[in-house]
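Containing TSV, C-alpha atoms: final24.tsv.
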chain	number	residue	atom	x	y	z
L	1	MET	CA	72.44	99.70	117.73
L	2	THR	CA	73.71	98.02	120.88
L	3	SER	CA	76.99	96.09	120.93
L	4	ASP	CA	75.02	92.83	120.98
L	5	GLN	CA	72.98	93.91	117.95
L	6	ILE	CA	76.17	94.86	116.10
L	7	ALA	CA	77.71	91.46	116.92
L	8	GLN	CA	74.59	89.69	115.66
L	9	ALA	CA	74.58	91.78	112.50
L	10	ASN	CA	78.24	90.95	111.82
L	11	ALA	CA	77.54	87.25	112.21
L	12	ARG	CA	74.96	87.58	109.45
L	13	LEU	CA	76.91	90.00	107.24
L	14	ARG	CA	79.96	87.71	107.06
L	15	SER	CA	77.92	85.29	104.95
L	16	LEU	CA	76.80	87.95	102.47
L	17	GLU	CA	78.39	89.34	99.33
L	18	PRO	CA	79.49	93.00	99.35
L	19	LEU	CA	76.50	94.09	97.27
L	20	GLU	CA	74.15	92.47	99.77
L	21	ILE	CA	76.02	94.13	102.64
L	22	VAL	CA	75.50	97.54	101.03
L	23	GLN	CA	71.81	96.80	100.46
L	24	TRP	CA	71.47	95.84	104.13
L	25	GLY	CA	73.29	98.97	105.28
L	26	LEU	CA	71.24	101.36	103.18
L	27	ALA	CA	68.06	99.75	104.49
L	28	GLN	CA	69.19	100.67	108.04
L	29	ALA	CA	70.03	104.25	107.13
L	30	ALA	CA	66.55	105.64	106.42
L	31	GLY	CA	67.98	107.81	103.67
L	32	ARG	CA	70.91	109.03	105.78
L	33	ALA	CA	73.91	107.17	104.39
L	34	ILE	CA	77.14	108.38	102.85
L	35	VAL	CA	80.20	106.78	101.32
L	36	SER	CA	83.65	108.29	101.87
L	37	THR	CA	86.62	108.11	99.53
L	38	ASN	CA	90.09	109.48	98.98
L	39	PHE	CA	90.38	107.81	95.55
L	40	ARG	CA	93.20	105.56	96.69
L	41	PRO	CA	93.87	102.15	95.06
L	42	TYR	CA	90.80	99.91	94.73
L	43	GLU	CA	88.31	102.53	95.89
L	44	ALA	CA	86.75	102.63	92.43
L	45	ALA	CA	85.29	99.24	93.39
L	46	LEU	CA	83.53	100.65	96.45
L	47	LEU	CA	82.14	103.65	94.56
L	48	HIS	CA	80.88	101.42	91.77
L	49	LEU	CA	79.34	98.99	94.25
L	50	VAL	CA	77.49	101.58	96.32
L	51	THR	CA	76.17	103.63	93.40
L	52	GLN	CA	74.62	100.49	91.95
L	53	VAL	CA	72.28	100.48	94.96
L	54	GLN	CA	71.90	104.24	95.52
L	55	PRO	CA	73.14	106.27	92.54
L	56	ASP	CA	72.83	109.64	94.29
L	57	ILE	CA	74.46	108.70	97.60
L	58	PRO	CA	76.62	111.57	98.93
L	59	VAL	CA	80.32	110.89	98.41
L	60	LEU	CA	82.37	112.60	101.11
L	61	TRP	CA	85.83	113.54	99.84
L	62	VAL	CA	88.37	115.58	101.77
L	63	ASP	CA	90.54	117.26	99.15
L	64	HIS	CA	93.48	118.30	101.30
L	65	GLY	CA	95.25	119.74	98.27
L	66	TYR	CA	98.28	117.45	98.36
L	67	ASN	CA	97.03	114.81	95.95
L	68	ARG	CA	99.21	113.98	92.99
L	69	PRO	CA	98.00	114.92	89.49
L	70	ALA	CA	97.17	111.30	88.66
L	71	THR	CA	94.83	111.09	91.65
L	72	TYR	CA	92.94	114.22	90.61
L	73	ARG	CA	92.59	112.87	87.07
L	74	HIS	CA	91.41	109.52	88.46
L	75	ALA	CA	88.84	111.25	90.68
L	76	GLU	CA	87.46	113.27	87.78
L	77	ALA	CA	87.25	110.21	85.53
L	78	LEU	CA	85.28	108.30	88.17
L	79	ARG	CA	83.07	111.30	88.89
L	80	LYS	CA	82.02	111.43	85.25
L	81	ARG	CA	81.73	107.71	84.69
L	82	LEU	CA	79.72	106.91	87.84
L	83	ASN	CA	77.94	110.28	88.02
L	84	LEU	CA	79.19	110.65	91.58
L	85	ASN	CA	77.42	113.02	93.95
L	86	ILE	CA	80.68	114.33	95.40
L	87	LYS	CA	80.60	116.47	98.51
L	88	ALA	CA	84.10	117.92	98.66
L	89	TYR	CA	85.44	119.45	101.86
L	90	LEU	CA	88.66	121.47	101.96
L	91	PRO	CA	90.88	122.49	104.87
L	92	ARG	CA	90.50	125.99	106.26
L	93	MET	CA	94.18	126.54	105.45
L	94	THR	CA	95.41	126.04	101.88
L	95	PRO	CA	98.45	123.82	101.24
L	96	ALA	CA	100.45	126.84	100.03
L	97	HIS	CA	99.62	128.75	103.21
L	98	ARG	CA	100.51	125.81	105.47
L	99	ASP	CA	103.76	125.09	103.67
L	100	ALA	CA	104.83	128.74	103.72
L	101	LEU	CA	104.39	128.85	107.50
L	102	HIS	CA	105.50	125.36	108.49
L	103	GLY	CA	107.56	123.88	105.67
L	104	GLU	CA	107.43	120.39	104.23
L	105	ILE	CA	104.94	117.69	105.22
L	106	PRO	CA	106.19	116.07	108.46
L	107	THR	CA	107.80	112.65	108.22
L	108	PRO	CA	106.83	109.57	110.27
L	109	GLU	CA	109.78	110.27	112.55
L	110	ASP	CA	107.95	113.34	113.91
L	111	GLU	CA	104.73	111.71	115.08
L	112	ALA	CA	103.38	114.77	116.93
L	113	ALA	CA	103.84	117.06	113.93
L	114	LEU	CA	102.31	114.50	111.57
L	115	LYS	CA	99.22	114.15	113.79
L	116	GLU	CA	98.92	117.93	113.93
L	117	PHE	CA	99.19	118.09	110.14
L	118	SER	CA	96.48	115.43	109.84
L	119	ALA	CA	94.18	117.27	112.25
L	120	VAL	CA	94.32	120.50	110.23
L	121	MET	CA	94.48	119.27	106.64
L	122	LYS	CA	92.33	116.13	106.80
L	123	LEU	CA	90.46	115.49	110.06
L	124	GLU	CA	88.91	118.94	110.55
L	125	PRO	CA	87.34	119.09	107.07
L	126	PHE	CA	86.20	115.48	107.42
L	127	GLN	CA	84.53	116.21	110.75
L	128	ARG	CA	82.90	119.28	109.22
L	129	GLY	CA	81.54	117.13	106.41
L	130	MET	CA	80.24	114.50	108.80
L	131	ARG	CA	78.48	117.16	110.89
L	132	GLU	CA	76.79	118.66	107.84
L	133	LEU	CA	75.85	115.38	106.16
L	134	ALA	CA	74.95	113.71	109.50
L	135	PRO	CA	74.88	110.09	108.28
L	136	LEU	CA	73.41	107.24	110.28
L	137	VAL	CA	75.48	104.83	108.16
L	138	TRP	CA	78.97	105.63	106.88
L	139	ILE	CA	80.22	103.25	104.17
L	140	THR	CA	83.99	102.93	103.83
L	141	ALA	CA	86.63	100.96	101.93
L	142	LEU	CA	88.33	99.62	105.07
L	143	ARG	CA	89.70	96.09	104.74
L	144	LYS	CA	91.12	93.74	107.34
L	145	SER	CA	94.38	93.25	105.45
L	146	GLN	CA	95.32	96.94	105.27
L	147	ASN	CA	97.03	97.33	108.65
L	148	PRO	CA	96.98	95.85	112.18
L	149	ASN	CA	94.59	98.48	113.55
L	150	ARG	CA	91.98	97.68	110.92
L	151	ALA	CA	92.34	93.94	111.44
L	152	GLU	CA	90.72	94.46	114.85
L	153	LEU	CA	87.55	95.94	113.30
L	154	ASP	CA	84.68	94.16	111.54
L	155	ILE	CA	82.21	94.63	108.69
L	156	LEU	CA	79.99	96.74	110.95
L	157	SER	CA	81.09	98.82	113.90
L	158	GLU	CA	80.05	101.82	115.93
L	159	ASP	CA	82.19	104.84	115.09
L	160	ARG	CA	82.39	106.97	118.21
L	161	ASN	CA	84.46	109.67	116.53
L	162	PHE	CA	81.57	110.57	114.25
L	163	GLY	CA	78.50	109.08	115.93
L	164	SER	CA	77.50	106.74	113.12
L	165	LEU	CA	77.54	103.09	112.14
L	166	LYS	CA	80.56	102.33	109.97
L	167	LEU	CA	80.00	99.71	107.28
L	168	ASN	CA	82.91	98.09	105.41
L	169	PRO	CA	81.43	95.89	102.65
L	170	PHE	CA	84.82	94.71	101.32
L	171	PHE	CA	86.27	94.17	104.80
L	172	LEU	CA	87.13	90.48	104.29
L	173	TRP	CA	88.33	90.76	100.68
L	174	THR	CA	91.93	90.37	99.54
L	175	ASP	CA	93.81	92.52	97.04
L	176	ALA	CA	93.34	89.75	94.47
L	177	GLN	CA	89.56	89.85	94.92
L	178	MET	CA	89.55	93.63	94.63
L	179	GLU	CA	91.63	93.44	91.47
L	180	ASP	CA	89.23	90.88	90.01
L	181	TYR	CA	86.28	93.21	90.74
L	182	LEU	CA	87.97	96.06	88.89
L	183	VAL	CA	88.71	93.85	85.90
L	184	ARG	CA	85.18	92.40	85.75
L	185	HIS	CA	83.64	95.87	85.76
L	186	ASP	CA	86.32	97.52	83.61
L	187	LEU	CA	87.15	100.04	86.32
L	188	PRO	CA	90.37	102.07	86.58
L	189	ASN	CA	92.77	101.92	89.50
L	190	GLU	CA	95.11	104.57	90.90
L	191	TRP	CA	98.59	103.51	91.98
L	192	ASP	CA	100.18	106.96	92.26
L	193	TYR	CA	98.12	107.81	95.33
L	194	PHE	CA	99.88	109.26	98.39
L	195	ASP	CA	98.27	110.24	101.70
L	196	PRO	CA	100.40	112.96	103.35
L	197	ALA	CA	98.54	112.50	106.63
L	198	LYS	CA	99.80	108.93	106.88
L	199	ALA	CA	103.25	109.10	105.28
L	200	ASP	CA	103.27	105.29	105.10
L	201	GLU	CA	100.60	102.63	104.60
L	202	LYS	CA	100.80	101.14	108.11
L	203	ARG	CA	99.91	104.37	109.93
L	204	GLU	CA	96.43	105.70	110.63
L	205	CYS	CA	95.63	109.28	109.65
L	206	GLY	CA	93.12	109.53	112.51
L	207	LEU	CA	89.79	109.00	110.73
L	208	HIS	CA	89.58	105.43	112.00
L	209	ALA	CA	91.53	105.82	115.23
L	210	ALA	CA	90.45	107.05	118.65
L	211	TRP	CA	93.03	109.85	118.75
L	212	GLY	CA	91.50	111.55	115.69
L	213	ALA	CA	88.53	113.21	117.39
L	214	LYS	CA	90.68	114.54	120.23
L	215	ALA	CA	93.27	115.90	117.80
L	216	VAL	CA	90.71	118.08	116.04
L	217	SER	CA	89.04	119.24	119.27
L	218	THR	CA	92.35	120.67	120.51
L	219	THR	CA	93.90	121.95	117.25
L	220	TRP	CA	92.33	123.35	114.11
L	221	SER	CA	95.13	125.58	112.83
L	222	ILE	CA	98.89	125.44	112.91
For the structure just supplied, provide its representation as C-alpha cells.
Amino acid sequence: MTSDQIAQANARLRSLEPLEIVQWGLAQAAGRAIVSTNFRPYEAALLHLVTQVQPDIPVLWVDHGYNRPATYRHAEALRKRLNLNIKAYLPRMTPAHRDALHGEIPTPEDEAALKEFSAVMKLEPFQRGMRELAPLVWITALRKSQNPNRAELDILSEDRNFGSLKLNPFFLWTDAQMEDYLVRHDLPNEWDYFDPAKADEKRECGLHAAWGAKAVSTTWSI
C-alpha cells in the first residue's frame, strides 16, 4: 500500500471496533497474516480477538528464556484455552550460555549493551520468524498510550523493518477498556511480566523502532 492508501485506510479504521479492524486486516492479507505476542499484560485480549476471526492464525512468540514462571504458566493456559497455533522462536544462544559469558542482563544505564542484548536474545529470533512466516499483515498489541514512540504510530502502518503492514486493532484503547474486555470475556491477565530487552516500560526493545533492523544486521552473537 502507498502512504496515501495507508492514510485513507486509517481514516476509515478509526471509526471501527477492534473486531472489525481485524476482519479488515485479514481480508487484505490473502491468507498471509500473523499475530505476535510476548504474553504481557492485556495481550490475552488481542489473542482472543484475532482467533475469533481466524482460529488457526500463526502466533509468533519469541521465547528468549528470561520470562518469569508466571508468564510461562499464563502462556500455556492461553495456548490451551484459545487453541493457539504458536510458532515459537528461540535465540541461537541460550540464557545460561549468554549469562555465563556476559553476566547479568544489562541495565538501562548501559544503552549500548542493552541494545546488543536485545539484538541477540529477541530481535534475531523475531526476524527469523518473520522471514519464515513471511506475513503481509502483522497484527500487534501496540497501543498509543504505551510510550511516546508508539503515540506517533497509527492503527495501520508500513513496517520497514520486516516488510509488512502492521495492524494495531486496540491502538486507541485505554487500559480501562482493555480491562473491561478481559472481564467481559473472562480472560486472565499477567502482571508479573518482565521484558529484559526493555528493562523499563518506556523503552523500545527494537521490534517497533528503526534501530532494530540495523542492530541485528550487525550483531547476532555476543
Inset, instruction - Please indicate the distance in Å from CA of Phe171 (chain L) to CA of Asn83 (chain L), rounded to one decimal place. - result: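 CA of Asn83 (chain L) lies 24.7 Å from CA of Phe171 (chain L).
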Taking only C-alpha atoms into account, produce a table as a tab-separated table in which each residue of region 90-190 of chain L with an atom at most 9 Å from an atom of region 33-54 of chain L appears once, together with its shortest atom pair and the distance in Å to one decimal, ordered by chain and rising number.
residue	atom	partner	partner_atom	distance
L:Leu133	CA	L:Ile34	CA	7.8
L:Ala134	CA	L:Ala33	CA	8.4
L:Pro135	CA	L:Ala33	CA	5.0
L:Leu136	CA	L:Ala33	CA	5.9
L:Val137	CA	L:Ala33	CA	4.7
L:Trp138	CA	L:Ile34	CA	5.2
L:Ile139	CA	L:Val35	CA	4.5
L:Thr140	CA	L:Ser36	CA	5.7
L:Ala141	CA	L:Leu46	CA	6.3
L:Pro169	CA	L:Leu46	CA	8.1
L:Phe170	CA	L:Leu46	CA	7.8
L:Asp175	CA	L:Tyr42	CA	8.3
L:Met178	CA	L:Tyr42	CA	6.4
L:Glu179	CA	L:Tyr42	CA	7.3
L:Tyr181	CA	L:Ala45	CA	6.7
L:Leu182	CA	L:Ala45	CA	6.1
L:His185	CA	L:Ala45	CA	8.5
L:Leu187	CA	L:Ala44	CA	6.6
L:Pro188	CA	L:Ala44	CA	6.9
L:Asn189	CA	L:Pro41	CA	5.7
L:Glu190	CA	L:Pro41	CA	5.0
Legend entry - Atom-to-atom span, CA of Leu13 (chain L) and CA of Thr174 (chain L), Å: 16.9 Å
Legend entry - For CA of Arg92 (chain L) and CA of His64 (chain L), the interatomic separation in Å (one decimal): 9.6 Å
Inset, instruction - Compare L:Leu90, L:Asp180, L:Leu60, L:Asp192 by their minimum atom-to-atom distance to Arg73 (chain L), counting all atoms listed in the file, and give me the closest one. - result: L:Asp192
Inset, instruction - Can you work out which one of L:Gln23, L:Ala112, L:Ser118, L:Leu172 has the shortest atom-to-atom distance to Tyr66 (chain L), counting only C-alpha atoms? - result: L:Ser118
Legend entry - Residues within 8 Å of (86.2, 95.4, 109.1), counting all atoms listed in the file, listed as a list in words: Leu142, Arg143, Lys144, Arg150, Ala151, Glu152, Leu153, Asp154, Ile155, Leu156, Ser157, Leu167, Asn168, Phe170, Phe171 and Leu172 of chain L
Inset, instruction - Using all atoms listed in the file, determine which residues lie at most 10 Å from region 125-128 of chain L, disregarding the query and same-chain residues fewer than 6 positions distant; provide the list as a PyMOL selection string. - result: chain L and resi 36+60-64+88-92+119+134+161-162+207+212-213+216+220
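Between Ile57 (chain L) and the candidates L:Ile105, L:Met121, L:Leu82, L:Ile6, the tightest atom-to-atom separation, counting all atoms listed in the file, involves L:Leu82.
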Inset, instruction - Would you please work out which residue, of L:Asn10, L:Gln177, L:Ser145, L:Thr2, is nearest to Gly25 (chain L) when using all atoms listed in the file? - result: L:Asn10
Legend entry - Given only C-alpha atoms as the counted atoms, nearest of L:Ala7, L:Lys87, L:His97, L:Lys198 to Glu109 (chain L): L:Lys198
Inset, instruction - Point out the residue among L:Arg98, L:Arg32, L:Lys166, L:Lys115 with the least atom-to-atom distance to Gly65 (chain L), counting only C-alpha atoms. - result: L:Arg98
Quick one: axis-aligned box around all listed atoms of region 187-192 of chain L, 5 Å on every side, centre and edge lengths in Å to one decimal, written as AutoDock Vina command-line options.
--center_x 93.7 --center_y 103.5 --center_z 89.3 --size_x 23.0 --size_y 16.9 --size_z 15.9
Selecting C-alpha atoms, how would region 55-119 of chain L from this structure be written as a PDB file, in the first residue's frame?
ATOM      1  CA  PRO L  55      -8.693 -19.601  14.795  1.00  0.00           C
ATOM      2  CA  ASP L  56      -5.543 -21.051  13.212  1.00  0.00           C
ATOM      3  CA  ILE L  57      -3.647 -17.794  12.669  1.00  0.00           C
ATOM      4  CA  PRO L  58       0.089 -18.253  13.365  1.00  0.00           C
ATOM      5  CA  VAL L  59       1.078 -16.745  16.717  1.00  0.00           C
ATOM      6  CA  LEU L  60       4.699 -15.595  16.626  1.00  0.00           C
ATOM      7  CA  TRP L  61       6.294 -15.770  20.073  1.00  0.00           C
ATOM      8  CA  VAL L  62       9.953 -15.145  20.799  1.00  0.00           C
ATOM      9  CA  ASP L  63      10.730 -17.127  23.937  1.00  0.00           C
ATOM     10  CA  HIS L  64      14.007 -15.507  24.943  1.00  0.00           C
ATOM     11  CA  GLY L  65      14.203 -17.713  28.025  1.00  0.00           C
ATOM     12  CA  TYR L  66      14.085 -14.930  30.610  1.00  0.00           C
ATOM     13  CA  ASN L  67      10.346 -14.961  31.253  1.00  0.00           C
ATOM     14  CA  ARG L  68       9.205 -15.364  34.817  1.00  0.00           C
ATOM     15  CA  PRO L  69       7.396 -18.577  35.820  1.00  0.00           C
ATOM     16  CA  ALA L  70       4.029 -16.800  35.959  1.00  0.00           C
ATOM     17  CA  THR L  71       4.398 -15.706  32.334  1.00  0.00           C
ATOM     18  CA  TYR L  72       5.135 -19.240  31.155  1.00  0.00           C
ATOM     19  CA  ARG L  73       2.108 -20.536  33.074  1.00  0.00           C
ATOM     20  CA  HIS L  74      -0.029 -17.747  31.597  1.00  0.00           C
ATOM     21  CA  ALA L  75       1.169 -18.571  28.072  1.00  0.00           C
ATOM     22  CA  GLU L  76       0.360 -22.249  28.491  1.00  0.00           C
ATOM     23  CA  ALA L  77      -3.090 -21.510  29.914  1.00  0.00           C
ATOM     24  CA  LEU L  78      -3.919 -19.272  26.944  1.00  0.00           C
ATOM     25  CA  ARG L  79      -2.485 -21.776  24.479  1.00  0.00           C
ATOM     26  CA  LYS L  80      -4.853 -24.443  25.767  1.00  0.00           C
ATOM     27  CA  ARG L  81      -7.893 -22.236  26.191  1.00  0.00           C
ATOM     28  CA  LEU L  82      -7.690 -20.495  22.793  1.00  0.00           C
ATOM     29  CA  ASN L  83      -6.081 -23.434  20.958  1.00  0.00           C
ATOM     30  CA  LEU L  84      -3.310 -21.094  19.839  1.00  0.00           C
ATOM     31  CA  ASN L  85      -1.212 -22.000  16.813  1.00  0.00           C
ATOM     32  CA  ILE L  86       2.018 -20.874  18.466  1.00  0.00           C
ATOM     33  CA  LYS L  87       5.157 -20.550  16.383  1.00  0.00           C
ATOM     34  CA  ALA L  88       7.893 -20.223  18.982  1.00  0.00           C
ATOM     35  CA  TYR L  89      11.325 -18.897  18.053  1.00  0.00           C
ATOM     36  CA  LEU L  90      14.296 -19.110  20.405  1.00  0.00           C
ATOM     37  CA  PRO L  91      17.628 -17.279  20.393  1.00  0.00           C
ATOM     38  CA  ARG L  92      20.641 -19.075  18.960  1.00  0.00           C
ATOM     39  CA  MET L  93      22.321 -18.614  22.345  1.00  0.00           C
ATOM     40  CA  THR L  94      20.624 -19.963  25.480  1.00  0.00           C
ATOM     41  CA  PRO L  95      20.165 -17.673  28.502  1.00  0.00           C
ATOM     42  CA  ALA L  96      22.555 -19.821  30.548  1.00  0.00           C
ATOM     43  CA  HIS L  97      25.215 -19.565  27.843  1.00  0.00           C
ATOM     44  CA  ARG L  98      24.805 -15.789  27.490  1.00  0.00           C
ATOM     45  CA  ASP L  99      24.858 -15.181  31.231  1.00  0.00           C
ATOM     46  CA  ALA L 100      27.936 -17.360  31.735  1.00  0.00           C
ATOM     47  CA  LEU L 101      29.848 -15.323  29.161  1.00  0.00           C
ATOM     48  CA  HIS L 102      28.468 -11.841  29.777  1.00  0.00           C
ATOM     49  CA  GLY L 103      26.881 -11.745  33.216  1.00  0.00           C
ATOM     50  CA  GLU L 104      23.608 -10.173  34.261  1.00  0.00           C
ATOM     51  CA  ILE L 105      21.096  -8.561  31.914  1.00  0.00           C
ATOM     52  CA  PRO L 106      22.301  -5.003  31.163  1.00  0.00           C
ATOM     53  CA  THR L 107      20.543  -2.132  32.902  1.00  0.00           C
ATOM     54  CA  PRO L 108      19.043   0.942  31.187  1.00  0.00           C
ATOM     55  CA  GLU L 109      22.161   2.886  32.154  1.00  0.00           C
ATOM     56  CA  ASP L 110      24.168   0.856  29.612  1.00  0.00           C
ATOM     57  CA  GLU L 111      22.149   1.556  26.480  1.00  0.00           C
ATOM     58  CA  ALA L 112      24.649   0.007  24.043  1.00  0.00           C
ATOM     59  CA  ALA L 113      24.840  -3.264  25.972  1.00  0.00           C
ATOM     60  CA  LEU L 114      21.064  -3.418  26.348  1.00  0.00           C
ATOM     61  CA  LYS L 115      20.560  -2.950  22.597  1.00  0.00           C
ATOM     62  CA  GLU L 116      23.134  -5.666  21.938  1.00  0.00           C
ATOM     63  CA  PHE L 117      21.316  -7.965  24.367  1.00  0.00           C
ATOM     64  CA  SER L 118      18.026  -7.236  22.596  1.00  0.00           C
ATOM     65  CA  ALA L 119      19.536  -7.928  19.169  1.00  0.00           C
TER      66      ALA L 119
END
